[in-house]
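Asks: The following file, work_9.txt, comprises compact mmCIF, N, CA and C atoms:
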# COMPACT_ATOMS: atom_id res chain seq x y z
N MET A 7 90.90 82.77 85.20
CA MET A 7 91.53 83.69 86.14
C MET A 7 92.96 83.26 86.39
N PHE A 8 93.83 84.21 86.56
CA PHE A 8 95.23 83.92 86.80
C PHE A 8 95.46 83.53 88.25
N SER A 9 96.39 82.64 88.45
CA SER A 9 96.72 82.26 89.81
C SER A 9 97.52 83.39 90.45
N SER A 10 97.44 83.47 91.75
CA SER A 10 98.12 84.56 92.45
C SER A 10 99.64 84.47 92.31
N SER A 11 100.17 83.30 91.94
CA SER A 11 101.61 83.18 91.80
C SER A 11 102.14 83.99 90.62
N TYR A 12 101.26 84.38 89.70
CA TYR A 12 101.67 85.19 88.56
C TYR A 12 101.65 86.67 88.86
N ARG A 13 101.03 87.05 89.92
CA ARG A 13 100.93 88.47 90.27
C ARG A 13 102.21 88.95 90.92
N SER A 14 102.61 90.12 90.53
CA SER A 14 103.78 90.72 91.14
C SER A 14 103.34 91.51 92.36
N THR A 15 104.12 91.40 93.42
CA THR A 15 103.82 92.19 94.62
C THR A 15 104.41 93.58 94.49
N LYS A 16 105.24 93.76 93.47
CA LYS A 16 105.89 95.04 93.23
C LYS A 16 105.02 95.88 92.30
N PRO A 17 104.69 97.10 92.70
CA PRO A 17 103.85 97.93 91.83
C PRO A 17 104.59 98.38 90.58
N TYR A 18 103.85 98.58 89.51
CA TYR A 18 104.43 99.11 88.28
C TYR A 18 104.75 100.58 88.50
N ILE A 19 105.97 100.99 88.19
CA ILE A 19 106.39 102.38 88.27
C ILE A 19 106.87 102.77 86.87
N PRO A 20 106.25 103.79 86.26
CA PRO A 20 106.71 104.21 84.94
C PRO A 20 108.18 104.64 84.98
N GLN A 21 108.92 104.22 83.97
CA GLN A 21 110.34 104.57 83.86
C GLN A 21 110.50 105.37 82.57
N GLY A 22 110.84 106.62 82.70
CA GLY A 22 111.06 107.44 81.52
C GLY A 22 109.83 108.27 81.16
N ILE A 23 110.06 109.26 80.32
CA ILE A 23 108.99 110.19 79.95
C ILE A 23 107.88 109.50 79.17
N SER A 24 108.23 108.63 78.22
CA SER A 24 107.18 108.00 77.40
C SER A 24 106.31 107.07 78.23
N GLU A 25 106.89 106.34 79.17
CA GLU A 25 106.08 105.48 80.04
C GLU A 25 105.19 106.32 80.96
N THR A 26 105.70 107.44 81.41
CA THR A 26 104.90 108.33 82.25
C THR A 26 103.72 108.88 81.44
N TRP A 27 104.00 109.26 80.20
CA TRP A 27 102.96 109.75 79.29
C TRP A 27 101.87 108.68 79.12
N ASP A 28 102.30 107.43 78.86
CA ASP A 28 101.35 106.32 78.69
C ASP A 28 100.55 106.08 79.97
N PHE A 29 101.23 106.18 81.11
CA PHE A 29 100.56 105.97 82.39
C PHE A 29 99.48 107.03 82.61
N LEU A 30 99.78 108.28 82.26
CA LEU A 30 98.78 109.35 82.37
C LEU A 30 97.58 109.06 81.48
N GLY A 31 97.83 108.52 80.29
CA GLY A 31 96.73 108.15 79.40
C GLY A 31 95.84 107.08 80.01
N ALA A 32 96.45 106.10 80.65
CA ALA A 32 95.69 105.05 81.33
C ALA A 32 94.91 105.63 82.50
N MET A 33 95.50 106.60 83.20
CA MET A 33 94.80 107.24 84.32
C MET A 33 93.58 108.00 83.81
N MET A 34 93.71 108.64 82.66
CA MET A 34 92.59 109.37 82.07
C MET A 34 91.41 108.43 81.88
N LEU A 35 91.69 107.22 81.42
CA LEU A 35 90.63 106.25 81.14
C LEU A 35 90.03 105.63 82.39
N SER A 36 90.82 105.49 83.45
CA SER A 36 90.32 104.81 84.65
C SER A 36 89.85 105.77 85.74
N ALA A 37 90.01 107.07 85.53
CA ALA A 37 89.59 108.06 86.53
C ALA A 37 88.06 108.05 86.64
N PRO A 38 87.51 108.40 87.77
CA PRO A 38 88.14 108.90 88.99
C PRO A 38 88.42 107.82 90.03
N LYS A 39 87.92 106.59 89.84
CA LYS A 39 88.09 105.57 90.87
C LYS A 39 89.35 104.74 90.71
N PHE A 40 89.85 104.63 89.49
CA PHE A 40 91.07 103.87 89.21
C PHE A 40 90.95 102.40 89.59
N LYS A 41 89.74 101.86 89.44
CA LYS A 41 89.50 100.44 89.70
C LYS A 41 89.67 99.69 88.39
N ASP A 42 90.26 98.51 88.46
CA ASP A 42 90.42 97.67 87.29
C ASP A 42 89.14 96.88 87.05
N LYS A 43 88.54 97.07 85.89
CA LYS A 43 87.28 96.40 85.58
C LYS A 43 87.49 95.00 84.99
N THR A 44 88.74 94.67 84.64
CA THR A 44 89.02 93.37 84.02
C THR A 44 89.17 92.25 85.04
N GLY A 45 89.52 92.59 86.27
CA GLY A 45 89.76 91.58 87.28
C GLY A 45 91.22 91.15 87.37
N TYR A 46 92.05 91.60 86.44
CA TYR A 46 93.46 91.22 86.45
C TYR A 46 94.25 91.95 87.54
N PHE A 47 93.79 93.12 87.92
CA PHE A 47 94.50 93.94 88.91
C PHE A 47 93.54 94.36 90.02
N PRO A 48 93.11 93.40 90.84
CA PRO A 48 92.10 93.71 91.87
C PRO A 48 92.58 94.69 92.93
N ASP A 49 93.89 94.85 93.09
CA ASP A 49 94.42 95.74 94.12
C ASP A 49 94.58 97.17 93.64
N ARG A 50 94.26 97.45 92.38
CA ARG A 50 94.43 98.80 91.84
C ARG A 50 93.37 99.72 92.43
N ASN A 51 93.83 100.90 92.87
CA ASN A 51 92.92 101.91 93.41
C ASN A 51 93.60 103.27 93.34
N ILE A 52 92.94 104.28 93.83
CA ILE A 52 93.48 105.64 93.74
C ILE A 52 94.84 105.75 94.44
N ASP A 53 95.00 105.04 95.55
CA ASP A 53 96.28 105.09 96.28
C ASP A 53 97.40 104.48 95.47
N THR A 54 97.17 103.30 94.89
CA THR A 54 98.23 102.64 94.13
C THR A 54 98.57 103.41 92.86
N GLU A 55 97.57 103.98 92.21
CA GLU A 55 97.82 104.71 90.97
C GLU A 55 98.62 105.99 91.21
N PHE A 56 98.28 106.73 92.25
CA PHE A 56 99.02 107.97 92.53
C PHE A 56 100.40 107.69 93.11
N PHE A 57 100.55 106.58 93.84
CA PHE A 57 101.88 106.18 94.28
C PHE A 57 102.76 105.92 93.05
N ALA A 58 102.24 105.15 92.10
CA ALA A 58 102.99 104.83 90.89
C ALA A 58 103.32 106.09 90.09
N LEU A 59 102.35 106.97 89.94
CA LEU A 59 102.58 108.21 89.19
C LEU A 59 103.68 109.04 89.86
N ASN A 60 103.56 109.25 91.14
CA ASN A 60 104.53 110.10 91.84
C ASN A 60 105.93 109.49 91.88
N GLU A 61 106.01 108.17 92.00
CA GLU A 61 107.32 107.51 91.94
C GLU A 61 107.88 107.62 90.52
N GLY A 62 107.00 107.50 89.51
CA GLY A 62 107.42 107.65 88.13
C GLY A 62 107.95 109.05 87.85
N LEU A 63 107.31 110.05 88.44
CA LEU A 63 107.78 111.43 88.26
C LEU A 63 109.19 111.58 88.82
N LYS A 64 109.47 110.89 89.92
CA LYS A 64 110.83 110.95 90.49
C LYS A 64 111.86 110.40 89.51
N THR A 65 111.48 109.39 88.72
CA THR A 65 112.44 108.78 87.79
C THR A 65 112.78 109.71 86.63
N ILE A 66 111.91 110.68 86.34
CA ILE A 66 112.17 111.59 85.21
C ILE A 66 112.57 112.99 85.67
N ARG A 67 112.76 113.15 86.95
CA ARG A 67 113.04 114.47 87.53
C ARG A 67 114.19 115.18 86.82
N LYS A 68 115.31 114.51 86.65
CA LYS A 68 116.47 115.14 86.01
C LYS A 68 116.22 115.42 84.53
N LYS A 69 115.47 114.52 83.88
CA LYS A 69 115.22 114.70 82.44
C LYS A 69 114.33 115.90 82.16
N VAL A 70 113.34 116.14 83.02
CA VAL A 70 112.40 117.24 82.76
C VAL A 70 112.84 118.55 83.39
N GLY A 71 113.77 118.49 84.33
CA GLY A 71 114.23 119.70 85.01
C GLY A 71 113.42 119.95 86.28
N GLU A 72 114.05 120.63 87.21
CA GLU A 72 113.44 120.83 88.53
C GLU A 72 112.13 121.61 88.47
N GLU A 73 112.10 122.67 87.67
CA GLU A 73 110.88 123.49 87.58
C GLU A 73 109.70 122.67 87.04
N ASN A 74 109.94 121.91 85.98
CA ASN A 74 108.88 121.07 85.42
C ASN A 74 108.48 119.96 86.39
N TYR A 75 109.47 119.38 87.06
CA TYR A 75 109.18 118.33 88.04
C TYR A 75 108.25 118.87 89.13
N GLN A 76 108.57 120.04 89.67
CA GLN A 76 107.74 120.63 90.73
C GLN A 76 106.32 120.91 90.22
N ALA A 77 106.21 121.37 88.97
CA ALA A 77 104.89 121.63 88.39
C ALA A 77 104.12 120.33 88.23
N LEU A 78 104.79 119.26 87.82
CA LEU A 78 104.13 117.96 87.64
C LEU A 78 103.64 117.40 88.97
N VAL A 79 104.45 117.52 90.02
CA VAL A 79 104.05 117.05 91.35
C VAL A 79 102.84 117.84 91.85
N ALA A 80 102.87 119.15 91.67
CA ALA A 80 101.75 119.99 92.10
C ALA A 80 100.48 119.59 91.35
N LEU A 81 100.60 119.34 90.05
CA LEU A 81 99.43 118.93 89.27
C LEU A 81 98.92 117.55 89.71
N SER A 82 99.83 116.66 90.05
CA SER A 82 99.44 115.34 90.54
C SER A 82 98.61 115.47 91.82
N ASP A 83 99.10 116.30 92.73
CA ASP A 83 98.38 116.52 93.99
C ASP A 83 97.00 117.15 93.75
N LYS A 84 96.97 118.12 92.87
CA LYS A 84 95.72 118.80 92.53
C LYS A 84 94.74 117.82 91.87
N MET A 85 95.26 117.00 90.96
CA MET A 85 94.43 116.02 90.27
C MET A 85 93.80 115.05 91.26
N ARG A 86 94.61 114.54 92.17
CA ARG A 86 94.09 113.59 93.16
C ARG A 86 92.99 114.22 94.00
N ALA A 87 93.20 115.46 94.42
CA ALA A 87 92.18 116.15 95.22
C ALA A 87 90.86 116.26 94.44
N HIS A 88 90.96 116.59 93.16
CA HIS A 88 89.74 116.69 92.34
C HIS A 88 89.04 115.35 92.23
N PHE A 89 89.79 114.27 91.97
CA PHE A 89 89.16 112.96 91.82
C PHE A 89 88.59 112.45 93.14
N GLU A 90 89.26 112.74 94.24
CA GLU A 90 88.72 112.34 95.54
C GLU A 90 87.45 113.11 95.88
N ALA A 91 87.35 114.35 95.39
CA ALA A 91 86.16 115.17 95.64
C ALA A 91 84.97 114.73 94.78
N ASP A 92 85.23 113.94 93.73
CA ASP A 92 84.18 113.53 92.80
C ASP A 92 84.33 112.05 92.41
N PRO A 93 84.25 111.15 93.39
CA PRO A 93 84.47 109.73 93.08
C PRO A 93 83.42 109.12 92.15
N GLU A 94 82.26 109.74 92.06
CA GLU A 94 81.21 109.21 91.18
C GLU A 94 81.19 109.91 89.82
N ASP A 95 82.11 110.84 89.62
CA ASP A 95 82.24 111.55 88.34
C ASP A 95 80.96 112.29 87.96
N LYS A 96 80.41 112.99 88.95
CA LYS A 96 79.14 113.70 88.73
C LYS A 96 79.26 115.22 88.85
N THR A 97 80.43 115.71 89.22
CA THR A 97 80.60 117.15 89.36
C THR A 97 81.73 117.62 88.45
N GLU A 98 82.02 118.88 88.51
CA GLU A 98 83.09 119.44 87.69
C GLU A 98 84.48 119.00 88.15
N ASP A 99 84.58 118.45 89.36
CA ASP A 99 85.89 118.04 89.85
C ASP A 99 86.50 116.94 88.98
N GLY A 100 85.69 116.03 88.47
CA GLY A 100 86.21 114.99 87.58
C GLY A 100 86.83 115.60 86.33
N THR A 101 86.15 116.58 85.77
CA THR A 101 86.68 117.27 84.59
C THR A 101 87.96 118.02 84.93
N LYS A 102 87.98 118.68 86.08
CA LYS A 102 89.17 119.41 86.50
C LYS A 102 90.35 118.47 86.72
N GLY A 103 90.08 117.29 87.25
CA GLY A 103 91.14 116.29 87.44
C GLY A 103 91.71 115.85 86.10
N ARG A 104 90.83 115.62 85.12
CA ARG A 104 91.29 115.23 83.79
C ARG A 104 92.06 116.37 83.12
N ASN A 105 91.66 117.61 83.38
CA ASN A 105 92.40 118.75 82.84
C ASN A 105 93.82 118.78 83.39
N CYS A 106 94.00 118.35 84.63
CA CYS A 106 95.35 118.27 85.20
C CYS A 106 96.20 117.27 84.41
N ILE A 107 95.60 116.16 83.99
CA ILE A 107 96.33 115.18 83.19
C ILE A 107 96.78 115.82 81.88
N VAL A 108 95.89 116.56 81.24
CA VAL A 108 96.23 117.23 79.97
C VAL A 108 97.38 118.22 80.19
N GLU A 109 97.33 118.95 81.28
CA GLU A 109 98.41 119.90 81.59
C GLU A 109 99.73 119.17 81.82
N MET A 110 99.67 118.03 82.50
CA MET A 110 100.88 117.26 82.75
C MET A 110 101.46 116.74 81.43
N GLU A 111 100.60 116.28 80.54
CA GLU A 111 101.06 115.80 79.24
C GLU A 111 101.72 116.93 78.46
N ALA A 112 101.18 118.13 78.54
CA ALA A 112 101.77 119.28 77.85
C ALA A 112 103.16 119.60 78.39
N ILE A 113 103.34 119.51 79.70
CA ILE A 113 104.65 119.75 80.31
C ILE A 113 105.64 118.69 79.83
N LEU A 114 105.21 117.43 79.81
CA LEU A 114 106.10 116.36 79.35
C LEU A 114 106.49 116.57 77.89
N LYS A 115 105.52 116.94 77.08
CA LYS A 115 105.79 117.16 75.66
C LYS A 115 106.77 118.31 75.47
N ALA A 116 106.54 119.41 76.17
CA ALA A 116 107.41 120.58 76.07
C ALA A 116 108.82 120.26 76.56
N SER A 117 108.92 119.42 77.58
CA SER A 117 110.24 119.11 78.16
C SER A 117 111.08 118.23 77.25
N THR A 118 110.47 117.60 76.27
CA THR A 118 111.22 116.74 75.34
C THR A 118 111.62 117.47 74.07
N ARG A 119 111.06 118.63 73.83
CA ARG A 119 111.40 119.40 72.62
C ARG A 119 112.82 119.93 72.71
N GLY A 120 113.53 119.81 71.61
CA GLY A 120 114.86 120.41 71.51
C GLY A 120 115.96 119.72 72.29
N LYS A 121 115.67 118.56 72.83
CA LYS A 121 116.71 117.84 73.57
C LYS A 121 117.20 116.68 72.70
N SER A 122 118.45 116.72 72.32
CA SER A 122 119.00 115.68 71.46
C SER A 122 120.17 114.97 72.13
N ARG A 123 120.06 114.80 73.43
CA ARG A 123 121.14 114.13 74.17
C ARG A 123 121.10 112.65 73.95
Could I get this file's structure written as structure tokens?

Replies:
Amino acid sequence: MFSSSYRSTKPYIPQGISETWDFLGAMMLSAPKFKDKTGYFPDRNIDTEFFALNEGLKTIRKKVGEENYQALVALSDKMRAHFEADPEDKTEDGTKGRNCIVEMEAILKASTRGKSR
């Protein structure tokens, strides 16, 4: 086990579209509870994951455009509500939450097309 001196007190915040994309992929795998099963991140939970996601969305706001940013934030809120409604992953809410992730990934993918800046 790692000593606590190696742990950062600062949460990971995705920087850029590709990191946000990767973060959504990790969320897909850890939903709906967002608990770390390895023991390396004992403080990880639904609150920390959605804080990181929403802060990460702020970092890409200008890159994706205001309309896409607003859609991503709305999907984040909707996704969280679905996962909170189905913490045991036994109802359709878990599936609906994961569908929000897929929709967010599609927005990110579309927002990167045709931009050669």

Asks: Can you tell me, as a list in words, what residues are no more than 6 Å from range 26-38 of chain A when counting only C-alpha atoms, ignoring any on the same chain fewer than 5 positions away?

Replies: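 Counting only C-alpha atoms, the residues come to Pro20, Phe89 and Pro93 of chain A.
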
Asks: Using only N, CA and C atoms, which of A:Gly100, A:Lys84, A:Lys39, A:Gly22 sits nearest Lys64 in chain A?

Replies: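 Closest candidate: A:Gly22.
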
Asks: Using only C-alpha atoms, collect all residues at a distance of at most 9 Å from (103.2, 115.6, 82.7) as written in the file, then present them as a list of chain:residue names.

Replies: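 Answer for this query, in the requested form: A:Ile23, A:Thr26, A:Trp27, A:Leu30, A:Leu63, A:Asn74, A:Tyr75, A:Ala77, A:Leu78, A:Val79, A:Leu81, A:Ser82, A:Cys106, A:Ile107, A:Val108, A:Glu109, A:Met110, A:Glu111, A:Ala112, A:Ile113, A:Leu114, A:Lys115.
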
Asks: Skip Gly62 in chain A itself and residues of its chain fewer than 2 positions away, then list as a VMD selection string all residues within 7 Å of it, counting only C-alpha atoms.

Replies: chain A and resid 19 to 21 26 58 to 60 64 to 66

Asks: How many Å separate CA of Tyr46 in chain A from CA of Asn105 in chain A?

Replies: 27.8 Å

Asks: Mind giving me the straight-line distance from atom N of Glu94 in chain A to atom N of Lys41 in chain A in Å, one decimal?

Replies: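 Pair atom N of Glu94 in chain A / atom N of Lys41 in chain A returns 11.2 Å.
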
Asks: Using the structure just given, write a file holding N, CA, C and O atoms for range 76-102 of chain A, as a compact mmCIF listing (two decimals), in the first residue's frame.

Replies:
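Dumped everything to decode_37.txt:
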# COMPACT_ATOMS: atom_id res chain seq x y z
N GLN A 76 -22.80 23.82 -23.18
CA GLN A 76 -24.08 23.76 -22.45
C GLN A 76 -24.72 22.38 -22.56
O GLN A 76 -25.27 21.86 -21.59
N ALA A 77 -24.62 21.76 -23.74
CA ALA A 77 -25.17 20.42 -23.93
C ALA A 77 -24.41 19.41 -23.08
O ALA A 77 -25.02 18.51 -22.47
N LEU A 78 -23.09 19.54 -22.99
CA LEU A 78 -22.28 18.62 -22.18
C LEU A 78 -22.60 18.75 -20.69
O LEU A 78 -22.72 17.75 -19.99
N VAL A 79 -22.77 19.98 -20.22
CA VAL A 79 -23.12 20.20 -18.81
C VAL A 79 -24.49 19.61 -18.50
O VAL A 79 -24.68 18.96 -17.47
N ALA A 80 -25.44 19.82 -19.40
CA ALA A 80 -26.79 19.27 -19.20
C ALA A 80 -26.73 17.73 -19.16
O ALA A 80 -27.40 17.10 -18.32
N LEU A 81 -25.94 17.14 -20.04
CA LEU A 81 -25.81 15.68 -20.04
C LEU A 81 -25.12 15.18 -18.78
O LEU A 81 -25.47 14.13 -18.24
N SER A 82 -24.14 15.92 -18.29
CA SER A 82 -23.47 15.56 -17.04
C SER A 82 -24.47 15.53 -15.88
O SER A 82 -24.50 14.59 -15.09
N ASP A 83 -25.29 16.56 -15.81
CA ASP A 83 -26.31 16.63 -14.75
C ASP A 83 -27.32 15.48 -14.87
O ASP A 83 -27.69 14.86 -13.87
N LYS A 84 -27.74 15.22 -16.08
CA LYS A 84 -28.70 14.15 -16.34
C LYS A 84 -28.08 12.79 -15.99
O LYS A 84 -28.73 11.94 -15.36
N MET A 85 -26.82 12.60 -16.38
CA MET A 85 -26.13 11.35 -16.10
C MET A 85 -26.04 11.11 -14.59
O MET A 85 -26.32 10.02 -14.11
N ARG A 86 -25.65 12.13 -13.86
CA ARG A 86 -25.53 11.98 -12.41
C ARG A 86 -26.87 11.60 -11.78
O ARG A 86 -26.94 10.72 -10.92
N ALA A 87 -27.94 12.25 -12.23
CA ALA A 87 -29.27 11.94 -11.70
C ALA A 87 -29.63 10.47 -11.96
O ALA A 87 -30.16 9.79 -11.08
N HIS A 88 -29.31 9.98 -13.15
CA HIS A 88 -29.59 8.57 -13.46
C HIS A 88 -28.79 7.64 -12.56
O HIS A 88 -29.33 6.67 -12.03
N PHE A 89 -27.50 7.91 -12.38
CA PHE A 89 -26.67 7.03 -11.56
C PHE A 89 -27.06 7.10 -10.09
O PHE A 89 -27.03 6.09 -9.38
N GLU A 90 -27.45 8.27 -9.62
CA GLU A 90 -27.91 8.38 -8.23
C GLU A 90 -29.23 7.64 -8.02
O GLU A 90 -29.49 7.11 -6.95
N ALA A 91 -30.06 7.57 -9.07
CA ALA A 91 -31.34 6.87 -8.97
C ALA A 91 -31.16 5.35 -9.02
O ALA A 91 -32.07 4.62 -8.66
N ASP A 92 -29.98 4.89 -9.45
CA ASP A 92 -29.74 3.45 -9.60
C ASP A 92 -28.34 3.07 -9.11
O ASP A 92 -27.51 2.57 -9.87
N PRO A 93 -28.06 3.29 -7.82
CA PRO A 93 -26.71 3.03 -7.32
C PRO A 93 -26.30 1.55 -7.36
O PRO A 93 -25.12 1.23 -7.36
N GLU A 94 -27.27 0.66 -7.43
CA GLU A 94 -26.96 -0.77 -7.47
C GLU A 94 -26.96 -1.31 -8.90
O GLU A 94 -26.76 -2.51 -9.11
N ASP A 95 -27.20 -0.44 -9.87
CA ASP A 95 -27.18 -0.82 -11.29
C ASP A 95 -28.19 -1.92 -11.61
O ASP A 95 -27.89 -2.88 -12.30
N LYS A 96 -29.40 -1.75 -11.08
CA LYS A 96 -30.43 -2.78 -11.26
C LYS A 96 -31.64 -2.30 -12.07
O LYS A 96 -32.54 -3.07 -12.34
N THR A 97 -31.66 -1.02 -12.43
CA THR A 97 -32.79 -0.51 -13.19
C THR A 97 -32.28 0.09 -14.49
O THR A 97 -31.09 0.09 -14.76
N GLU A 98 -33.18 0.64 -15.26
CA GLU A 98 -32.82 1.25 -16.53
C GLU A 98 -32.04 2.55 -16.36
O GLU A 98 -31.43 3.03 -17.30
N ASP A 99 -32.05 3.12 -15.15
CA ASP A 99 -31.34 4.38 -14.94
C ASP A 99 -29.85 4.23 -15.17
O ASP A 99 -29.20 5.14 -15.70
N GLY A 100 -29.27 3.10 -14.79
CA GLY A 100 -27.85 2.88 -15.04
C GLY A 100 -27.54 2.91 -16.53
O GLY A 100 -26.56 3.53 -16.97
N THR A 101 -28.39 2.27 -17.30
CA THR A 101 -28.22 2.27 -18.77
C THR A 101 -28.39 3.68 -19.32
O THR A 101 -27.62 4.12 -20.18
N LYS A 102 -29.37 4.40 -18.82
CA LYS A 102 -29.60 5.77 -19.29
C LYS A 102 -28.42 6.67 -18.95
O LYS A 102 -28.04 7.55 -19.74
